[in-house]
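Trainee: Pasting upload_25.tsv here (TSV, C-alpha atoms and all ligand atoms):
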```tsv
chain	number	residue	atom	x	y	z
A	21	MET	CA	47.79	-56.30	-51.11
A	22	ASP	CA	47.89	-59.06	-48.48
A	23	ILE	CA	51.14	-60.35	-47.02
A	24	ILE	CA	52.23	-63.02	-44.56
A	25	LEU	CA	55.35	-62.30	-42.49
A	26	HIS	CA	56.87	-65.22	-40.62
A	27	GLY	CA	59.99	-66.18	-38.75
A	28	PRO	CA	61.11	-67.93	-35.58
A	29	PRO	CA	60.84	-66.13	-32.24
A	30	GLY	CA	63.01	-63.00	-32.24
A	31	ALA	CA	63.44	-62.96	-36.03
A	32	GLY	CA	62.46	-59.28	-36.18
A	33	LYS	CA	58.93	-59.63	-37.57
A	34	GLY	CA	57.55	-56.66	-35.64
A	35	THR	CA	60.39	-54.38	-36.76
A	36	GLN	CA	60.18	-55.31	-40.44
A	37	SER	CA	56.40	-55.26	-40.47
A	38	ASP	CA	56.37	-51.46	-39.87
A	39	ASN	CA	58.52	-50.96	-42.96
A	40	ILE	CA	56.50	-53.27	-45.22
A	41	CYS	CA	53.19	-51.73	-44.13
A	42	GLU	CA	54.45	-48.22	-44.77
A	43	LYS	CA	55.72	-49.21	-48.24
A	44	LEU	CA	52.52	-51.01	-49.28
A	45	GLY	CA	49.95	-48.86	-47.44
A	46	ILE	CA	48.48	-51.77	-45.51
A	47	VAL	CA	47.86	-52.48	-41.81
A	48	ALA	CA	49.74	-54.99	-39.67
A	49	ILE	CA	47.89	-57.52	-37.58
A	50	SER	CA	49.96	-59.64	-35.20
A	51	THR	CA	48.05	-62.52	-33.61
A	52	GLY	CA	50.70	-62.53	-30.84
A	53	ASP	CA	49.84	-58.87	-30.04
A	54	LEU	CA	46.09	-59.60	-30.17
A	55	ILE	CA	46.59	-62.50	-27.77
A	56	ARG	CA	48.72	-60.40	-25.38
A	57	ALA	CA	46.04	-57.65	-25.43
A	58	GLU	CA	43.40	-60.22	-24.53
A	59	ILE	CA	45.56	-61.43	-21.60
A	60	LYS	CA	46.19	-57.84	-20.44
A	61	ASN	CA	42.45	-57.14	-20.39
A	62	GLY	CA	42.06	-60.02	-17.95
A	63	THR	CA	39.03	-61.47	-19.75
A	64	GLU	CA	37.99	-65.12	-19.41
A	65	LEU	CA	39.29	-65.65	-22.92
A	66	GLY	CA	42.53	-63.94	-21.85
A	67	ASN	CA	42.97	-66.40	-19.00
A	68	THR	CA	42.38	-69.34	-21.34
A	69	VAL	CA	44.95	-68.22	-23.94
A	70	LYS	CA	47.49	-67.39	-21.22
A	71	GLU	CA	47.66	-71.08	-20.34
A	72	TYR	CA	49.11	-71.75	-23.79
A	73	SER	CA	51.07	-68.62	-24.72
A	74	SER	CA	52.88	-68.25	-21.39
A	75	GLN	CA	54.32	-71.72	-22.00
A	76	GLY	CA	55.29	-70.95	-25.58
A	77	LYS	CA	52.68	-73.34	-27.00
A	78	LEU	CA	50.31	-72.53	-29.84
A	79	VAL	CA	46.87	-71.28	-28.86
A	80	PRO	CA	44.21	-73.63	-30.37
A	81	ASP	CA	43.08	-72.67	-33.87
A	82	GLU	CA	39.43	-71.96	-33.06
A	83	ILE	CA	40.41	-69.51	-30.28
A	84	VAL	CA	42.97	-67.67	-32.45
A	85	MET	CA	40.46	-67.47	-35.29
A	86	GLY	CA	37.83	-66.04	-32.95
A	87	ILE	CA	40.20	-63.33	-31.72
A	88	LEU	CA	41.39	-62.54	-35.25
A	89	ALA	CA	37.84	-62.46	-36.66
A	90	LYS	CA	36.97	-59.62	-34.26
A	91	ARG	CA	39.97	-57.61	-35.48
A	92	LEU	CA	39.14	-58.29	-39.13
A	93	GLU	CA	35.72	-56.66	-38.67
A	94	GLN	CA	37.39	-53.23	-38.56
A	95	ASP	CA	37.30	-51.07	-41.71
A	96	ASP	CA	41.05	-50.54	-41.98
A	97	VAL	CA	41.62	-54.09	-43.28
A	98	SER	CA	39.98	-53.38	-46.65
A	99	ASN	CA	43.18	-52.06	-48.31
A	100	GLY	CA	45.21	-55.10	-47.36
A	101	VAL	CA	46.77	-56.69	-44.31
A	102	LEU	CA	50.21	-57.82	-43.26
A	103	PHE	CA	49.61	-60.94	-41.17
A	104	ASP	CA	52.46	-61.05	-38.64
A	105	GLY	CA	53.01	-64.52	-37.19
A	106	PHE	CA	49.82	-65.84	-38.73
A	107	PRO	CA	48.90	-68.46	-39.94
A	108	ARG	CA	50.88	-70.98	-37.84
A	109	THR	CA	49.00	-74.13	-38.82
A	110	VAL	CA	47.59	-75.44	-42.11
A	111	ASN	CA	44.12	-75.14	-40.63
A	112	GLN	CA	44.65	-71.40	-39.97
A	113	ALA	CA	46.09	-70.99	-43.49
A	114	THR	CA	42.98	-72.59	-44.99
A	115	MET	CA	40.65	-70.34	-42.98
A	116	LEU	CA	42.64	-67.25	-43.99
A	117	LYS	CA	42.49	-68.27	-47.64
A	118	GLU	CA	38.70	-68.56	-47.42
A	119	TRP	CA	38.33	-65.19	-45.68
A	120	LEU	CA	40.42	-63.51	-48.40
A	121	ALA	CA	38.66	-65.36	-51.26
A	122	GLN	CA	35.26	-64.15	-49.99
A	123	ARG	CA	36.60	-60.62	-50.54
A	124	GLY	CA	38.17	-61.37	-53.94
A	125	ARG	CA	41.64	-61.30	-52.41
A	126	SER	CA	44.55	-63.67	-51.99
A	127	ILE	CA	47.98	-63.66	-50.35
A	128	ASN	CA	50.38	-61.78	-52.66
A	129	ALA	CA	53.61	-62.77	-50.91
A	130	VAL	CA	55.00	-64.60	-47.90
A	131	PHE	CA	58.19	-63.27	-46.29
A	132	SER	CA	59.97	-65.90	-44.23
A	133	LEU	CA	62.72	-64.48	-42.00
A	134	LYS	CA	65.49	-66.96	-41.21
A	135	ILE	CA	67.70	-66.91	-38.11
A	136	THR	CA	69.57	-69.65	-36.24
A	137	ASP	CA	68.15	-71.21	-33.08
A	138	ASP	CA	71.04	-69.74	-31.05
A	139	GLU	CA	70.27	-66.23	-32.31
A	140	SER	CA	66.57	-66.76	-31.62
A	141	MET	CA	67.38	-67.71	-28.02
A	142	PHE	CA	69.84	-64.81	-27.61
A	143	ARG	CA	67.42	-62.20	-28.96
A	144	CYS	CA	64.39	-63.40	-27.00
A	145	THR	CA	65.96	-64.01	-23.60
A	146	TYR	CA	67.68	-60.60	-23.59
A	147	ARG	CA	64.69	-58.69	-25.00
A	148	LEU	CA	62.77	-56.22	-22.86
A	149	SER	CA	59.98	-53.86	-23.77
A	150	ASN	CA	58.41	-50.59	-22.73
A	151	PRO	CA	55.02	-51.61	-21.27
A	152	GLU	CA	53.35	-48.44	-22.60
A	153	THR	CA	54.77	-48.03	-26.13
A	154	LYS	CA	55.49	-51.79	-26.61
A	155	LYS	CA	58.85	-50.84	-28.17
A	156	SER	CA	61.41	-53.63	-27.78
A	157	TYR	CA	65.00	-53.29	-26.62
A	158	HIS	CA	67.83	-55.82	-26.42
A	159	ILE	CA	70.00	-55.67	-23.30
A	160	TYR	CA	73.26	-55.99	-25.29
A	161	TYR	CA	72.41	-54.55	-28.72
A	162	HIS	CA	70.94	-51.40	-27.13
A	163	LYS	CA	73.50	-51.30	-24.29
A	164	LEU	CA	70.73	-50.91	-21.72
A	165	LYS	CA	71.51	-49.34	-18.36
A	166	VAL	CA	70.60	-50.84	-15.00
A	167	LEU	CA	68.00	-48.55	-13.42
A	168	ALA	CA	67.96	-50.29	-10.02
A	169	ARG	CA	68.24	-53.73	-8.46
A	170	SER	CA	65.62	-55.91	-6.87
A	171	GLU	CA	65.66	-55.46	-3.10
A	172	THR	CA	65.16	-59.17	-2.56
A	173	ASP	CA	67.66	-60.87	-4.88
A	174	PHE	CA	69.55	-57.93	-6.47
A	175	THR	CA	68.56	-58.90	-10.02
A	176	PRO	CA	69.00	-55.88	-12.32
A	177	ILE	CA	66.06	-53.75	-13.44
A	178	PHE	CA	66.78	-52.23	-16.85
A	179	CYS	CA	65.64	-48.95	-18.37
A	180	SER	CA	65.24	-47.68	-21.94
A	181	PRO	CA	67.52	-44.86	-23.18
A	182	ASP	CA	64.83	-42.35	-22.05
A	183	GLY	CA	64.85	-43.79	-18.51
A	184	THR	CA	61.62	-45.82	-18.64
A	185	ARG	CA	61.58	-49.04	-16.62
A	186	LEU	CA	61.41	-52.01	-19.02
A	187	THR	CA	59.65	-55.33	-18.53
A	188	MET	CA	60.21	-58.83	-19.89
A	189	ARG	CA	57.60	-60.97	-21.64
A	190	ASP	CA	56.55	-63.95	-19.57
A	191	ASP	CA	57.43	-66.30	-22.44
A	192	ALA	CA	61.04	-65.01	-22.52
A	193	LEU	CA	62.44	-67.51	-20.01
A	194	PRO	CA	64.95	-69.83	-21.75
A	195	HIS	CA	62.90	-73.03	-21.45
A	196	LYS	CA	59.80	-71.25	-22.80
A	197	VAL	CA	61.77	-69.75	-25.70
A	198	GLN	CA	63.04	-73.27	-26.44
A	199	THR	CA	59.42	-74.50	-26.61
A	200	ARG	CA	58.57	-71.62	-28.99
A	201	ILE	CA	61.57	-72.51	-31.19
A	202	ASP	CA	60.59	-76.21	-31.19
A	203	THR	CA	56.97	-75.31	-31.99
A	204	TYR	CA	58.20	-73.19	-34.90
A	205	HIS	CA	60.23	-76.10	-36.35
A	206	ASN	CA	57.60	-78.77	-35.71
A	207	GLU	CA	54.40	-76.94	-36.64
A	208	THR	CA	55.04	-73.66	-38.43
A	209	GLU	CA	57.85	-74.64	-40.80
A	210	PRO	CA	55.91	-77.57	-42.34
A	211	MET	CA	52.98	-75.16	-42.82
A	212	LEU	CA	55.30	-72.66	-44.57
A	213	GLY	CA	56.37	-75.40	-46.98
A	214	LYS	CA	52.73	-76.10	-47.80
A	215	LEU	CA	52.03	-72.40	-48.45
A	216	GLU	CA	54.35	-72.76	-51.44
A	217	THR	CA	53.38	-76.23	-52.67
A	218	ASP	CA	49.66	-76.53	-51.84
A	219	PHE	CA	48.51	-72.91	-51.64
A	220	ASN	CA	50.74	-71.70	-54.52
A	221	TYR	CA	51.84	-68.60	-52.63
A	222	LYS	CA	55.12	-66.88	-53.50
A	223	VAL	CA	57.42	-67.50	-50.50
A	224	PHE	CA	60.52	-65.31	-50.17
A	225	ASP	CA	63.20	-66.42	-47.70
A	226	VAL	CA	64.98	-63.47	-46.10
A	227	ASP	CA	68.19	-63.73	-44.05
A	228	GLY	CA	67.23	-62.30	-40.66
A	229	MET	CA	70.76	-62.46	-39.20
A	230	PRO	CA	72.18	-59.10	-40.43
A	231	ASN	CA	71.28	-55.77	-38.85
A	232	ILE	CA	67.86	-54.14	-39.28
A	233	PRO	CA	68.68	-51.76	-42.22
A	234	VAL	CA	70.26	-54.60	-44.24
A	235	ILE	CA	67.16	-56.80	-43.83
A	236	LYS	CA	64.93	-53.84	-44.67
A	237	GLU	CA	66.87	-53.25	-47.89
A	238	GLU	CA	66.57	-56.92	-48.86
A	239	ILE	CA	62.80	-56.85	-48.30
A	240	ASN	CA	62.43	-53.58	-50.21
A	241	LYS	CA	64.32	-55.15	-53.14
A	242	ILE	CA	61.96	-58.15	-53.16
A	243	ILE	CA	58.95	-55.79	-53.08
A	244	ALA	CA	60.32	-53.64	-55.92
A	245	GLU	CA	61.10	-56.66	-58.12
A	246	ASN	CA	58.07	-58.84	-57.42
A	247	LEU	CA	55.07	-56.93	-56.07
A	301	LIG	P1	54.47	-64.04	-31.02
A	301	LIG	O1	54.43	-62.70	-30.38
A	301	LIG	O2	54.10	-63.99	-32.46
A	301	LIG	O3	55.75	-64.76	-30.76
A	301	LIG	O4	53.32	-64.91	-30.30
A	301	LIG	C1	53.34	-65.13	-28.91
A	301	LIG	C2	52.52	-66.34	-28.55
A	301	LIG	O5	51.15	-66.15	-28.93
A	301	LIG	C3	52.93	-67.64	-29.25
A	301	LIG	O6	53.99	-68.29	-28.57
A	301	LIG	C4	51.63	-68.45	-29.19
A	301	LIG	O7	51.41	-68.96	-27.89
A	301	LIG	C5	50.59	-67.37	-29.42
A	301	LIG	N1	50.27	-67.19	-30.87
A	301	LIG	C6	50.53	-66.09	-31.64
A	301	LIG	N2	50.05	-66.24	-32.87
A	301	LIG	C7	49.47	-67.47	-32.90
A	301	LIG	C8	48.81	-68.23	-33.91
A	301	LIG	N3	48.63	-67.73	-35.16
A	301	LIG	N4	48.35	-69.46	-33.58
A	301	LIG	C9	48.50	-69.97	-32.34
A	301	LIG	N5	49.13	-69.31	-31.34
A	301	LIG	C10	49.60	-68.07	-31.61
```
Please express the file's structure as structure tokens.
Mentor:
Amino acid sequence: MDIILHGPPGAGKGTQSDNICEKLGIVAISTGDLIRAEIKNGTELGNTVKEYSSQGKLVPDEIVMGILAKRLEQDDVSNGVLFDGFPRTVNQATMLKEWLAQRGRSINAVFSLKITDDESMFRCTYRLSNPETKKSYHIYYHKLKVLARSETDFTPIFCSPDGTRLTMRDDALPHKVQTRIDTYHNETEPMLGKLETDFNYKVFDVDGMPNIPVIKEEINKIIAENL
């Protein structure tokens, strides 16, 4: 089974993707994670994509496709994939459709998480993560403690409940999050509309505003009734 999971920045895609993958026995591939890994490795390609992603802009299609193609060569994709945050343009959707068709597969469902722009901003600008495990935490929702303060300007340094120092993504600054939100409305949402009308995929809108277990239950209900 092959699934697309979408939503504006901070909609909870990563969190819900674990649940869906476990339920359907498929692997998650997040193009955002692949891009961040490329940047972390400090490759030439990493430096190129950083120019775009650190500003909250979309990485050009041919570069994203090249990075994704490498990941899709691995054996674990044969049982099905949850595409997290991919495709983001019609061009990417067309290329994905072709890749799946060559393997006798097609997208079985699209989950589109919906949250308001204010919530998107609130979740992203207060989100920190553990650099090793990649687990995300929200300063308010997880009531994070201040581990120390910067010696230069006294800004707080937060830690996870187990005491690990947390870091912030470089696209989490408010003006960059705003660009990501705008990009979602201007480029990704029109593409999502076309997935339903032109690609004939089943698109399920899911309210991403409630807490994690409520969203999980809603997604599980859609899976049980439709897939
Ligand atoms: P995400 O973690 O999904 O929010 O992605 C982080 C950043 O990676 C985005 O703001 C884009 O710069 C880039 N990115 C992720 N997926 C794609 C994609 N499918 N197409 C273009 N850029 C992407």
Trainee: Residues near Asp191 of chain A, anyone? I mean within 10 Å using only C-alpha atoms, not counting same-chain ones fewer than 2 positions away, as a PyMOL selection string.
Mentor: chain A and resi 73-77+144-145+188-189+193-200
Trainee: So which one's closest to ligand LIG 301 (chain A), A:Ala168, A:Ile232, A:Val79, A:Leu212? Using only C-alpha atoms and all ligand atoms, please.
Mentor: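 Of A:Ala168, A:Ile232, A:Val79, A:Leu212, the one nearest ligand LIG 301 (chain A) is A:Val79, counting only C-alpha atoms and all ligand atoms.
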Trainee: Using all atoms listed in the file, which protein or nucleic acid residues are at most 9 Å from ligand LIG 301 (chain A), as a ChimeraX atom specification?
Mentor: /A:26-30,33-34,50-56,69-81,83-85,88,104-109,112,191,196-197,199-200,203
Trainee: Would you mind exporting the chosen residues as a PDB file, in the frame of the given file, restricted to C-alpha atoms?
Mentor:
```
ATOM      1  CA  HIS A  26      56.870 -65.220 -40.620  1.00  0.00           C
ATOM      2  CA  GLY A  27      59.990 -66.180 -38.750  1.00  0.00           C
ATOM      3  CA  PRO A  28      61.110 -67.930 -35.580  1.00  0.00           C
ATOM      4  CA  PRO A  29      60.840 -66.130 -32.240  1.00  0.00           C
ATOM      5  CA  GLY A  30      63.010 -63.000 -32.240  1.00  0.00           C
ATOM      6  CA  LYS A  33      58.930 -59.630 -37.570  1.00  0.00           C
ATOM      7  CA  GLY A  34      57.550 -56.660 -35.640  1.00  0.00           C
ATOM      8  CA  SER A  50      49.960 -59.640 -35.200  1.00  0.00           C
ATOM      9  CA  THR A  51      48.050 -62.520 -33.610  1.00  0.00           C
ATOM     10  CA  GLY A  52      50.700 -62.530 -30.840  1.00  0.00           C
ATOM     11  CA  ASP A  53      49.840 -58.870 -30.040  1.00  0.00           C
ATOM     12  CA  LEU A  54      46.090 -59.600 -30.170  1.00  0.00           C
ATOM     13  CA  ILE A  55      46.590 -62.500 -27.770  1.00  0.00           C
ATOM     14  CA  ARG A  56      48.720 -60.400 -25.380  1.00  0.00           C
ATOM     15  CA  VAL A  69      44.950 -68.220 -23.940  1.00  0.00           C
ATOM     16  CA  LYS A  70      47.490 -67.390 -21.220  1.00  0.00           C
ATOM     17  CA  GLU A  71      47.660 -71.080 -20.340  1.00  0.00           C
ATOM     18  CA  TYR A  72      49.110 -71.750 -23.790  1.00  0.00           C
ATOM     19  CA  SER A  73      51.070 -68.620 -24.720  1.00  0.00           C
ATOM     20  CA  SER A  74      52.880 -68.250 -21.390  1.00  0.00           C
ATOM     21  CA  GLN A  75      54.320 -71.720 -22.000  1.00  0.00           C
ATOM     22  CA  GLY A  76      55.290 -70.950 -25.580  1.00  0.00           C
ATOM     23  CA  LYS A  77      52.680 -73.340 -27.000  1.00  0.00           C
ATOM     24  CA  LEU A  78      50.310 -72.530 -29.840  1.00  0.00           C
ATOM     25  CA  VAL A  79      46.870 -71.280 -28.860  1.00  0.00           C
ATOM     26  CA  PRO A  80      44.210 -73.630 -30.370  1.00  0.00           C
ATOM     27  CA  ASP A  81      43.080 -72.670 -33.870  1.00  0.00           C
ATOM     28  CA  ILE A  83      40.410 -69.510 -30.280  1.00  0.00           C
ATOM     29  CA  VAL A  84      42.970 -67.670 -32.450  1.00  0.00           C
ATOM     30  CA  MET A  85      40.460 -67.470 -35.290  1.00  0.00           C
ATOM     31  CA  LEU A  88      41.390 -62.540 -35.250  1.00  0.00           C
ATOM     32  CA  ASP A 104      52.460 -61.050 -38.640  1.00  0.00           C
ATOM     33  CA  GLY A 105      53.010 -64.520 -37.190  1.00  0.00           C
ATOM     34  CA  PHE A 106      49.820 -65.840 -38.730  1.00  0.00           C
ATOM     35  CA  PRO A 107      48.900 -68.460 -39.940  1.00  0.00           C
ATOM     36  CA  ARG A 108      50.880 -70.980 -37.840  1.00  0.00           C
ATOM     37  CA  THR A 109      49.000 -74.130 -38.820  1.00  0.00           C
ATOM     38  CA  GLN A 112      44.650 -71.400 -39.970  1.00  0.00           C
ATOM     39  CA  ASP A 191      57.430 -66.300 -22.440  1.00  0.00           C
ATOM     40  CA  LYS A 196      59.800 -71.250 -22.800  1.00  0.00           C
ATOM     41  CA  VAL A 197      61.770 -69.750 -25.700  1.00  0.00           C
ATOM     42  CA  THR A 199      59.420 -74.500 -26.610  1.00  0.00           C
ATOM     43  CA  ARG A 200      58.570 -71.620 -28.990  1.00  0.00           C
ATOM     44  CA  THR A 203      56.970 -75.310 -31.990  1.00  0.00           C
TER      45      THR A 203
END
```
Trainee: Between atom CA of Leu247 of chain A and atom CA of Gln94 of chain A, what distance in Å does the model show, to one decimal?
Mentor: 25.2 Å
Trainee: So which one's closest to Met21 of chain A, A:Trp119, A:Leu133, A:Gly100, A:Ser180? Using all atoms listed in the file, please.
Mentor: A:Gly100
Trainee: Would you mind telling me which residue in A:Cys179, A:Ile87, A:Ala121, A:Ile40 lies nearest to Pro151 of chain A when using all atoms listed in the file?
Mentor: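 Of A:Cys179, A:Ile87, A:Ala121, A:Ile40, the one nearest Pro151 of chain A is A:Cys179, counting all atoms listed in the file.
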Trainee: Residues near Arg147 of chain A, anyone? I mean within 10 Å using only C-alpha atoms, not counting same-chain ones fewer than 5 positions away, as an MDAnalysis selection string.
Mentor: chainID A and resid 30 141:142 156:162 186:189 192
Trainee: For segment 220-228 of chain A, find every residue with an atom within 7 Å (counting only C-alpha atoms), except residues of its own chain fewer than 5 positions away, and show them as a PyMOL selection string.
Mentor: chain A and resi 31+127-135+215+235
Trainee: Just the number, please: distance in Å from atom CA of Leu167 of chain A to atom CA of Arg143 of chain A, one decimal.
Mentor: 20.7 Å
Trainee: Take atom CA of Asp190 of chain A and atom CA of Asn231 of chain A and report the distance between them in Å, one decimal.
Mentor: 25.6 Å
Trainee: Just checking: using only C-alpha atoms, which residue out of A:Leu25, A:Val234, A:Val110, A:Ile59 ends up closest to Pro210 of chain A?
Mentor: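 Of all the options, A:Val110 lies closest to Pro210 of chain A.
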Trainee: Counting all atoms listed in the file, which residue out of A:Asn206, A:Met211, A:Asp22, A:Asp182 sits closest to Asn99 of chain A?
Mentor: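 Closest residue, counting all atoms listed in the file: A:Asp22.
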